Amino acid sequence: MTDSLTVRDNRTGAEYEIPITDGTIKAADLGQIKLNDDTPGIATYDPGFVNTASCRSSVTFIDGEKGILEYRGYPIEQLAEKSNFLEVAYLLVHGELPTKEQYDHWVHHITYHTFVHENVKAFMQGFRYDAHPMGMLMASVGALSTFYPEAANISDPDNRQIQIIRMIAKMPTLGAWAFRHAQGKPYVYPDNDLSYAENFMSMLFKMSEVKYDPDPRIAKALDTLFILHADHEQNCSTNAVRSVGSSQVDPYSAVSAGIGALFGPLHGGANEAVLKMLRRIGNKSEIPAFIEGVKNGNERLMGFGHRVYKNYDPRAKIIKKACDDVFEVTGVNPLLEVAQELEKIALEDEYFVKRKLYPNVDFYSGLIYEALEFPPEMFTVLFAIGRTPGWLAQWQELIEDKEQKIARPKQIYTGDRQLTFVPAEERWA
């Protein structure tokens, strides 16, 4: 067998032939390697899934060494420049680009389903005035499962499709209402005359005007940001969606789990950390001292480096370009100069080049969000809205994958064994 791995167990001298498929071996195949029939077989130990594939997927391709990101085979650069978010959402969910008729049908249904039940509005109004928008989003998405109990019938493809449409449609409404709630402002209903990004802006910023007229440059920048966040392979939140979805629960509950994972500062909060870093630096003259602090371990360089990318994050290049359009409308964020100079110095410094620390998607996105007057706690909500089609595409792929089982990782037990229980009256005597 040529595509195989020969493993020799030095404890017993036995050799095993393990098949290699797509550059991987099945962890279960290692189970045959054991000392004797009474002992368990070999298992792999891989905290954080650093080198373990949990699924086969055709949704997103990443080559971290070369800085490549593709959705269904299409380069992210082409999609960001020539497509729009709803077309990209269709591509992720259906696996191919839509015809004109399919696209019009898709956009019509998503536009139609942007409204939510009035009881959802009452549910959201019940949160404290200072409730975090991500907590509100996570709870309200989970609550949708009670409004659509038929969503539990995940084996019906037509039923799955309508739930996917509903969720992509309602995420901006729920996100915008969480934003308005924090400001003590009345919730704004969707305007179906507007595009996806424009409608979101209307629900965020509309005040007393009869019709909100969004700036097309801002709408385009938001749409681009949604595209860039639409999917990113088996990251923490996608893994959460797949893991919870493996129990065959409804998609609202599975996506709510993904939102919970994204809520964590190690996943969705990096762009806020970048802004804090840039504010602490303050101006360009302080950058050399900051760089030395990073090298000495006294400072952390946020927005650089990525677990997957060992090259320039392709999304960061696109966001950098989108900054120009946004700042043309809002005025230049004074932190932009600091960011650009910091990037320039870091990319030329051997210390960072050697460690392959390049700007990632979070380095510039926070500057755009702040320019649009979003508070930092809203940054992750914007991320979640963009990521929803990817979560749903991954969830759907999981449901249709006959190899998938309910997620249940093995553990290595390290506690005590076979202790003798002593009754309380004796222990306390």
# chains A, B, ... in the order shown; residues from 1 in each chain; ligands from 1
$ closest_atom_pairs --of "stretch 382-406 of chain A" --to "stretch 186-205 of chain A" --cutoff "12 Å" --atoms "only C-alpha atoms" --output "Markdown table"
| residue | atom | partner | partner_atom | distance |
| --- | --- | --- | --- | --- |
| A:Leu382 | CA | A:Phe200 | CA | 10.2 |
| A:Ile385 | CA | A:Phe200 | CA | 10.1 |
| A:Gly386 | CA | A:Ala197 | CA | 10.4 |
$ closest_atom_pairs --of "stretch 233-351 of chain A" --to "stretch 38-62 of chain A" --cutoff "12 Å" --atoms "only C-alpha atoms" --output "Markdown table"
| residue | atom | partner | partner_atom | distance |
| --- | --- | --- | --- | --- |
| A:Glu233 | CA | A:Thr60 | CA | 5.4 |
| A:Gln234 | CA | A:Ser54 | CA | 8.4 |
| A:Asn235 | CA | A:Phe49 | CA | 9.9 |
| A:Cys236 | CA | A:Gly48 | CA | 8.9 |
| A:Thr238 | CA | A:Ser54 | CA | 11.3 |
| A:Asn239 | CA | A:Ser54 | CA | 8.6 |
| A:Ala240 | CA | A:Ser54 | CA | 11.7 |
| A:Arg242 | CA | A:Cys55 | CA | 9.4 |
| A:Ser243 | CA | A:Ser54 | CA | 9.6 |
| A:Ser246 | CA | A:Cys55 | CA | 11.5 |
| A:Arg307 | CA | A:Val50 | CA | 9.1 |
| A:Val308 | CA | A:Ile62 | CA | 8.0 |
| A:Tyr309 | CA | A:Ile62 | CA | 8.4 |
| A:Lys310 | CA | A:Ile62 | CA | 11.2 |
| A:Asn311 | CA | A:Ile62 | CA | 11.5 |
| A:Asp313 | CA | A:Ile62 | CA | 10.4 |
| A:Pro314 | CA | A:Ile62 | CA | 10.2 |
| A:Arg315 | CA | A:Ile62 | CA | 11.7 |
$ atom_distance --atom1 "atom CA of A:Phe263" --atom2 "atom CA of A:Arg128"
18.3 Å
$ residues_around --residues "A:Pro359" --least-positions-apart "4" --cutoff "12 Å" --atoms "only C-alpha atoms" --output "count of residues only"
35
$ residues_around --residues "A:Asn159" --least-positions-apart "3" --cutoff "12 Å" --atoms "only C-alpha atoms" --output "list in words"
Tyr148, Pro149, Glu150, Ala151, Ala152, Asn153, Ile154, Ser155, Asp156, Ile162, Gln163, Ile164, Ile165, Arg166, Asp250, Pro251 and Gln396 of chain A
$ closest_residue --among "A:Arg280, A:His117, A:Lys321, A:Arg417" --to "A:Leu335" --atoms "only C-alpha atoms"
A:Arg280
$ residues_around --residues "A:Ser4" --least-positions-apart "3" --cutoff "8 Å" --atoms "only C-alpha atoms" --output "list in words"
Met1, Glu17, Ile18, Pro19 and Ile20 of chain A
$ residues_around --residues "A:Val255" --least-positions-apart "2" --cutoff "12 Å" --atoms "only C-alpha atoms" --output "PyMOL selection string"
chain A and resi 137-145+163-164+167-168+171+237-245+249-253+257-262+384-385+387-396
$ atom_distance --atom1 "atom CA of A:Gly126" --atom2 "atom CA of A:Ala178"
11.3 Å
$ select_by_dssp --residues "stretch 32-71 of chain A" --states "strand (DSSP E)" --output "PDB file with C-alpha atoms, in the first residue's frame"
ATOM      1  CA  THR A  60     -14.082  27.273   2.312  1.00  0.00           C
ATOM      2  CA  PHE A  61     -10.449  26.746   1.325  1.00  0.00           C
ATOM      3  CA  ILE A  62      -7.539  28.401   3.118  1.00  0.00           C
ATOM      4  CA  ASP A  63      -3.836  28.206   2.341  1.00  0.00           C
ATOM      5  CA  ILE A  68      -5.244  32.386   0.058  1.00  0.00           C
ATOM      6  CA  LEU A  69      -8.933  32.390   1.041  1.00  0.00           C
ATOM      7  CA  GLU A  70     -11.630  30.996  -1.267  1.00  0.00           C
ATOM      8  CA  TYR A  71     -15.362  30.472  -0.849  1.00  0.00           C
TER       9      TYR A  71
END
$ closest_residue --among "A:Leu275, A:Glu328, A:Ile33, A:Arg160" --to "A:His94" --atoms "only C-alpha atoms"
A:Arg160
